[in-house]
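This report refers to the structure that appears directly beneath it.
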Amino acid sequence: ELIDLVAGGLLDFSSPMKRASVNELLLRLEALNPTPMPAYSPLLNGAWEFLWTGGISPGILGLQLASRLSSYASGAVEVGETVLTISRAQPRVEVKTSIKVFGRENAITIRTKLEPASELRLDETYTEASMGSLRVPFPDQEQIFRRPLFVSYLDDDLLVVRDGFGAPDVLVRKDKAFVSNTGVPSATDDDTSPGAG
């Protein structure tokens with residue numbers, strides 16, 4: 001029911017009732033979270049596709065604006081598939097997509113550090129963005145490029161995170177090959193990233 005409701009909803013913010021319905025279903029789902037200490041779980045690692053986003057992260061906000069521009073500009077702007085990959089090494093998160101403007105395609109990548117702060121909370125720090133060969137680093141000391149994320153649901157196929165305002169992002173696993181990393185995360189200083197096993 002949730003997947004049907006959020007399908008194609010990554011950039012759909014037109015309906016407050018739809019957002020309310022998604023939140024209601026998510027609250028029910030989150031109560032059934034099968035993963036203890038999800039911020040440390042190896043299940044985080046892998047490639048994920050956005051199904052729905054209710055947050056205002058800088059990267060997703062840019063995609064939302066591009067999508068809206070496309071609807072007003074008769075398809076002059078096209079946003080490609082958006083994939084978020086979480087790996088073991090920092091910066092752990094890489095969000096990749098492409099934007100085609102008047103037929104010219106540009107690859108866009110956003111990288112962030114991801115560190116566990118508690119059993120449920122991750123701290124995300126934006127490190128850089130790139131478009132084609134242009135790279136823009138973010139100042140590490142600036143608080144504006146940091147945000148907390150709360151892992152409210154995690155299983156083999158589905159990931160739900162909420163930002164500091166409680167807005168949910170719903171992601172589905174893109175590549176099941178990443179699920180093979182199981183076990184208890186390491187607690188050594190050299191390997192503290194969530195999902196490290």
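Just so we're on the same page: first chain in the structure tokens is A, next is B, and so on; residues restart at 1 for each chain, and ligands are numbered from 1 in the order they show up.
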
Inset, instruction - May I have the residues within 9 Å of Glu81 (chain A) as an NGL selection string, using only C-alpha atoms and disregarding those fewer than 2 positions away in the same chain? - result: :A and (49-50 or 79 or 83 or 96-98)

Would you export the selected residues with all heavy atoms as a compact mmCIF listing (two decimals), in the first residue's frame, please?
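Listed below is the output, out32.txt:
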```
# COMPACT_ATOMS: atom_id res chain seq x y z
N GLU A 49 17.20 3.87 -4.22
CA GLU A 49 16.47 4.81 -5.07
C GLU A 49 15.43 5.53 -4.22
O GLU A 49 14.76 4.92 -3.40
CB GLU A 49 15.74 4.08 -6.20
CG GLU A 49 16.65 3.46 -7.22
CD GLU A 49 15.84 2.73 -8.28
OE1 GLU A 49 15.48 3.38 -9.28
OE2 GLU A 49 15.56 1.54 -8.08
N PHE A 50 15.30 6.83 -4.45
CA PHE A 50 14.28 7.61 -3.74
C PHE A 50 12.90 7.30 -4.32
O PHE A 50 12.69 7.37 -5.52
CB PHE A 50 14.53 9.11 -3.89
CG PHE A 50 15.65 9.62 -3.05
CD1 PHE A 50 16.94 9.67 -3.56
CD2 PHE A 50 15.42 10.06 -1.76
CE1 PHE A 50 17.98 10.16 -2.79
CE2 PHE A 50 16.46 10.54 -0.98
CZ PHE A 50 17.75 10.59 -1.50
N VAL A 79 15.02 15.53 -15.36
CA VAL A 79 15.80 14.99 -14.26
C VAL A 79 15.85 13.48 -14.40
O VAL A 79 14.82 12.83 -14.53
CB VAL A 79 15.18 15.38 -12.89
CG1 VAL A 79 16.00 14.79 -11.76
CG2 VAL A 79 15.10 16.89 -12.76
N VAL A 83 20.01 8.11 -7.53
CA VAL A 83 20.45 6.95 -6.76
C VAL A 83 21.36 7.43 -5.63
O VAL A 83 22.29 8.20 -5.85
CB VAL A 83 21.19 5.93 -7.65
CG1 VAL A 83 21.73 4.77 -6.81
CG2 VAL A 83 20.27 5.41 -8.75
N LYS A 96 23.71 10.47 -6.91
CA LYS A 96 23.99 10.74 -8.32
C LYS A 96 22.70 10.86 -9.11
O LYS A 96 21.76 10.09 -8.89
CB LYS A 96 24.83 9.62 -8.94
CG LYS A 96 26.26 9.61 -8.51
CD LYS A 96 27.03 8.59 -9.32
CE LYS A 96 28.51 8.73 -9.03
NZ LYS A 96 29.30 7.85 -9.89
N THR A 97 22.68 11.81 -10.01
CA THR A 97 21.57 11.96 -10.94
C THR A 97 22.10 12.69 -12.17
O THR A 97 23.28 13.02 -12.24
CB THR A 97 20.38 12.71 -10.31
OG1 THR A 97 19.25 12.57 -11.16
CG2 THR A 97 20.70 14.18 -10.10
N SER A 98 21.24 12.90 -13.12
CA SER A 98 21.61 13.70 -14.28
C SER A 98 20.47 14.67 -14.57
O SER A 98 19.31 14.38 -14.29
CB SER A 98 21.87 12.81 -15.49
OG SER A 98 20.69 12.11 -15.85
```

Legend entry - CA of Asp156 (chain A) to CA of Ile110 (chain A), distance in Å rounded to a single decimal: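 Going from CA of Asp156 (chain A) over to CA of Ile110 (chain A) covers 24.3 Å.
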
Output as CSV one row per residue of region 71-140 of chain A within 10 Å of region 21-45 of chain A: the closest atom pair and its distance in Å to one decimal place, counting only C-alpha atoms, sorted by chain and residue number ascending.
```
residue,atom,partner,partner_atom,distance
A:Thr85,CA,A:Asn45,CA,7.3
A:Ile86,CA,A:Asn45,CA,4.8
A:Ser87,CA,A:Asn45,CA,5.4
A:Arg88,CA,A:Asn45,CA,7.0
A:Arg92,CA,A:Asn45,CA,8.9
A:Val93,CA,A:Asn45,CA,9.3
A:Leu114,CA,A:Ala39,CA,9.7
A:Glu115,CA,A:Ala39,CA,8.5
A:Pro116,CA,A:Ala39,CA,5.8
A:Ala117,CA,A:Ala39,CA,8.0
A:Ser118,CA,A:Ala39,CA,7.0
A:Glu119,CA,A:Met37,CA,4.4
A:Leu120,CA,A:Ala39,CA,5.0
A:Arg121,CA,A:Ala39,CA,6.0
A:Leu122,CA,A:Ala39,CA,6.1
A:Asp123,CA,A:Ala39,CA,9.8
```
